[in-house]
Structure formats: structure tokens, C-alpha cells
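Enquirer: Quick one: structure below, then a few questions.
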Amino acid sequence: MFRIRSFIMPAILAFILLAGSLIILFITQPSPEKAIKVTAVIKAIANDQEFWEVIKTGMRAAANEFGITLDIQGPWVESDVDGQIRITENILKNDPPTALILAAADYIRLAPLVEQAVSQGIRVIAMDSGVASSRLVTFVTTNNIEGGEKVAAEMLRILEPGRKLAIINHVQGTTTAMEREEGARKVLAQDGRYPLLGVWFTENFEENAYAITVNLLKEYPDLGGILAMNEFSTLGTARALQDQGHAGKVRLVGFDSSLTEIQLIEQGVIAATVIQKPFNMGYLAVRAARDAAANRPLPPFIDTGSVLITADNLYEPENQKLLFPFVD
């Protein structure tokens with residue numbers, strides 16, 4: 001009997017100590033990351049634009065890594081500003097998240113919703129495109145003015161002085177369009193040798209870029225080059241130059257890095273393209289949302305970078321990683 005008690009009492013004490021330790025650990029451990037709910041409202045949810053598909057991949061990778069609940073919403077096309085407003089209003093009314101990542105389709109019109117979200121205690125992170133609010137936690141994006149400068153500087157490098165230029169941009173009113181145009185105009189004005197015919201907007205439809213280019217070729221037979229400011233603008237322009245027999249004659253410098261754009265660089269239709277780092281952008285936006293929810297300090301601006309890609313540097317290992325950002 002004595003020997004049995006000698007075993008039972010230490011076992012009971014050990015159980016009590018273990019249970020107490022587990023209770024203390026449960027009480028004192030930090031809240032799990034999965035308690036953070038992040039909703040992202042992007043410009044376009046359709047899967048035909050590789051830029052947004054890669055951004056979504058980066059966002060999901062970060063959400064999986066940090067154990068965050070992530071919901072990605074948006075209108076079908078970038079030009080549907082009203083649709084993006086309705087989606088955001090519905091989120092704030094019916095399913096408010098801990099943090100909101102917003103890629104605003106319009107710099108002015110989305111601003112009131114940022115104010116509303118902040119008044120509800122939601123931390124708001126801008127991604128890709130800015131919005132007219134001083135209440136953002138941070139802004140995760142490419143430096144688009146610098147990107148526009150790179151497009152124009154490359155055009156000036158490859159095109160003889162005096163040739164006429166046109167800018168084909170995407171959605172009027174978005175900061176990406178405004179800032180890329182600003183950067184390009186700055187470089188052209190500083191040089192002063194290349195007449196700029198104007199700026200045309202596609203509303204982010206490839207077919208519109210195609211039609212604009214065909215009309216430009218008819219109206220300006222001495223057109224020297226086109227600066228296209230996003231993926232669809234670049235693709236539509238390139239296809240029109242091919243179909244009209246002007247590929248390589250009218251120089252094209254574009255933006256973004258879809259597989260088709262890469263092939264067109266190899267074929268000499270596109271002279272160069274400025275690529276963003278959309279995987280990084282999506283990943284860093286979700287990480288910023290996590291940090292904002294935990295009240296960690298963040299810089300007001302997180303630059304995800306851009307790189308000029310040409311036929312000469314297309315196959316460099318570092319650029320291949322950017323062009324094909326696979327996730328294990």
C-alpha cells in the first residue's frame with residue numbers, strides 16, 4: 001500500500017503542475033495571426049490580366065505564411081469604378097475586416113470610403129494605386145513616376161531625335177496612369193527634342209489600345225514611337241503594329257510583364273517594357289495589413305521596385321525570377 005502511494009502522489013503533483021503550466025501558457029500566449037481578417041479590394045478580379053493574378057498569388061502566399069484569413073474582391077474590369085465602390089460599401093456594411101487593402105480605381109471617388117473604414121476602426125492599406133486620404137496606414141506600390149521616367153528614357157535612347165511620340169495610357173483618374181504619364185512627360189520635356197502628340201486612354205481594354213494605334217498610324221504616318229503604360233495598352237498596341245506592318249518601325253516601349261509581352265520582346269515587336277514586382281506587392285501588402293492590425297509601426301510608403309527589361313537583359317537570372325515568380 002505504501003509503495004502504491006509513493007507512486008500516486010508524485011503522479012498527481014506532476015499532473016497538477018502540467019495542467020497549471022498549460023493554463024498559464026494558454027492565457028499568456030499572443031492572439032493567433034489567423035484571428036486577423038484581411039479583405040483586399042483590387043481593381044479587377046478577372047483572370048485575364050497577369051499583373052493582378054501574380055498580385056493575388058503574392059497575397060495568398062503571405063496569408064498562408066502568417067495564418068491570416070484573406071478575402072480578395074473587386075469588379076470584373078478596372079474601368080468599373082462604380083462597381084468597386086459598391087463592393088467596398090458592401091464590405092464595410094456587412095462584413096468589415098480587421099484591415100482593408102485597397103487598390104483604388106479612382107483617386108478621388110474612393111476617398112470617402114477610406115474615411116468611413118477608418119471611422120469603423122479598420123486599418124486601411126493602399127496598394128498599387130493611391131487614394132486621396134491622409135488616413136492610410138501605408139501605401140504599397142511601384143514608384144510609378146520613376147516607372148514612367150524609365151519608359152520615356154528608354155524610348156529616347158532607341159529613337160532618333162525629332163520623331164513624334166504618343167502615350168497610350170489605361171484608366172484616366174487612377175494614380176498609376178497619372179504618375180506614369182507625369183514621369184514620361186518630365187523626361188520628354190527635359191530633353192525637348194521629341195514632339196508629344198498627346199495621350200489616349202484605353203479604359204484598360206486591349207481592343208481599345210488596338211483601335212487607338214490603328215487610328216494613330218493613319219493620322220500620323222510619321223509617328224516614331226508609342227509609350228504604352230500598362231499590360232493591356234502594351235498588348236493592344238503591339239498587335240496593331242504587327243497587323244499594320246509597323247512592328248519594329250514604330251518603336252514601342254511598354255509596361256508590365258505578361259508572357260505575351262515577353263514573347264513580343266523576343267520577336268522585336270516590343271523594344272522594352274518596365275516590369276513591376278507584383279508578387280512582392282501582394283505579399284508586402286498583406287504583411288503590412290498584419291503589422292497594422294498588431295499596431296506595429298510602418299513607413300508611409302513601401303516601394304516594391306521596377307526594372308527595365310529589354311532583349312539584352314531578358315535572360316539574366318535575376319530578371320527571369322521577376323518574370324516568372326513561381327511559388328513552391
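Labels for the C-alpha cells follow display order: chains A, B, ..., residues from 1 in each chain, ligands from 1.
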Write out, as CSV, each residue of range 261-312 of chain A that has an atom at most 9 Å from range 134-153 of chain A, together with the closest pair of atoms and their distance in Å to one decimal, counting only C-alpha atoms, rows going by chain and rising number.
Expert:
residue,atom,partner,partner_atom,distance
A:Ala272,CA,A:Val151,CA,8.1
A:Thr273,CA,A:Val151,CA,7.2
A:Val274,CA,A:Val151,CA,6.5
A:Ile275,CA,A:Gly147,CA,8.5
A:Gln276,CA,A:Thr142,CA,6.5
A:Lys277,CA,A:Thr142,CA,7.7
A:Pro278,CA,A:Thr142,CA,8.8
A:Met281,CA,A:Thr141,CA,6.3
A:Gly282,CA,A:Val140,CA,8.5
A:Leu284,CA,A:Val140,CA,7.1
A:Ala285,CA,A:Val140,CA,6.0
A:Ala288,CA,A:Thr138,CA,7.7
A:Ala289,CA,A:Val137,CA,8.7
A:Ala292,CA,A:Val137,CA,7.0
A:Pro297,CA,A:Val137,CA,8.9
A:Leu298,CA,A:Thr138,CA,6.6
A:Pro299,CA,A:Thr138,CA,6.3
A:Pro300,CA,A:Thr138,CA,4.5
A:Phe301,CA,A:Phe139,CA,4.8
A:Ile302,CA,A:Val140,CA,4.7
A:Asp303,CA,A:Thr142,CA,5.4
A:Thr304,CA,A:Thr142,CA,5.1
A:Gly305,CA,A:Thr142,CA,5.3
A:Ser306,CA,A:Thr142,CA,6.5
A:Val307,CA,A:Gly147,CA,8.2
A:Leu308,CA,A:Lys150,CA,7.0
Enquirer: With C-alpha atoms kept, could you save the residues just selected as a CSV table (one decimal), in the first residue's frame?
Expert:
chain,number,residue,atom,x,y,z
A,272,ALA,CA,11.4,47.2,-73.9
A,273,THR,CA,9.0,47.0,-71.0
A,274,VAL,CA,9.1,48.3,-67.5
A,275,ILE,CA,8.1,45.4,-65.2
A,276,GLN,CA,6.8,45.9,-61.7
A,277,LYS,CA,7.1,43.3,-59.0
A,278,PRO,CA,3.5,42.3,-58.4
A,281,MET,CA,3.5,44.0,-54.0
A,282,GLY,CA,0.8,41.5,-53.0
A,284,LEU,CA,4.1,43.1,-48.8
A,285,ALA,CA,0.5,44.5,-48.7
A,288,ALA,CA,1.6,45.4,-43.9
A,289,ALA,CA,-2.0,44.6,-43.0
A,292,ALA,CA,-1.1,47.3,-39.0
A,297,PRO,CA,4.9,51.0,-37.0
A,298,LEU,CA,5.0,51.2,-40.8
A,299,PRO,CA,6.6,53.6,-43.2
A,300,PRO,CA,4.1,55.8,-45.2
A,301,PHE,CA,5.4,54.4,-48.5
A,302,ILE,CA,6.7,50.9,-49.4
A,303,ASP,CA,8.3,50.9,-52.8
A,304,THR,CA,8.2,47.5,-54.4
A,305,GLY,CA,10.5,48.5,-57.3
A,306,SER,CA,10.6,48.2,-61.1
A,307,VAL,CA,13.1,47.0,-63.7
A,308,LEU,CA,13.5,47.8,-67.4
Enquirer: Counting only C-alpha atoms, which residues in range 77-173 of chain A sit no more than 10 Å from range 207-210 of chain A? For each one, give the nearest pair of atoms and the distance in Å, sorted by chain then residue number, as CSV.
Expert:
residue,atom,partner,partner_atom,distance
A:Ile168,CA,A:Ala209,CA,7.1
A:Asn169,CA,A:Ala209,CA,8.6
A:His170,CA,A:Ala209,CA,8.7
Enquirer: Could you pull out the helix (DSSP H, G or I) residues of range 112-160 of chain A from DSSP and send them as a list in words?
Expert: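 Selecting the helix (DSSP H, G or I) positions of range 112-160 of chain A gives Pro112, Leu113, Val114, Glu115, Gln116, Ala117, Val118, Ser119, Asn144, Ile145, Glu146, Gly147, Gly148, Glu149, Lys150, Val151, Ala152, Ala153, Glu154, Met155, Leu156, Arg157 and Ile158 of chain A.
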Enquirer: Show me, as JSON, numbers by chain, the residues that have an atom within 12 Å of range 53-66 of chain A when counting only C-alpha atoms, minus same-chain residues fewer than 4 positions from it.
Expert: {"A": [32, 33, 34, 35, 36, 37, 38, 39, 40, 41, 42, 43, 44, 45, 46, 47, 48, 49, 70, 71, 72, 73, 74, 101, 103, 127, 128, 140, 141, 256, 257, 258, 259, 276, 277, 278, 279, 280, 281, 282, 283, 284, 285, 286, 287, 288, 289, 290, 291, 304, 322, 323, 324, 325, 326, 327, 328]}
Enquirer: List the spatial neighbours of Leu110 in chain A as a JSON list (two decimals) with C-alpha atoms, in the first residue's frame - criterion: any atom at most 7 Å away, only C-alpha atoms, same-chain residues fewer than 4 positions off excluded.
Expert:
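Contents of the output file part36.json:
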[["chain", "number", "residue", "atom", "x", "y", "z"],
["A", 85, "ILE", "CA", -17.33, 51.47, -54.88],
["A", 104, "ALA", "CA", -8.33, 52.27, -55.75],
["A", 106, "ASP", "CA", -10.17, 56.26, -58.82],
["A", 114, "VAL", "CA", -11.32, 55.13, -46.72],
["A", 131, "VAL", "CA", -6.28, 57.42, -52.89]]
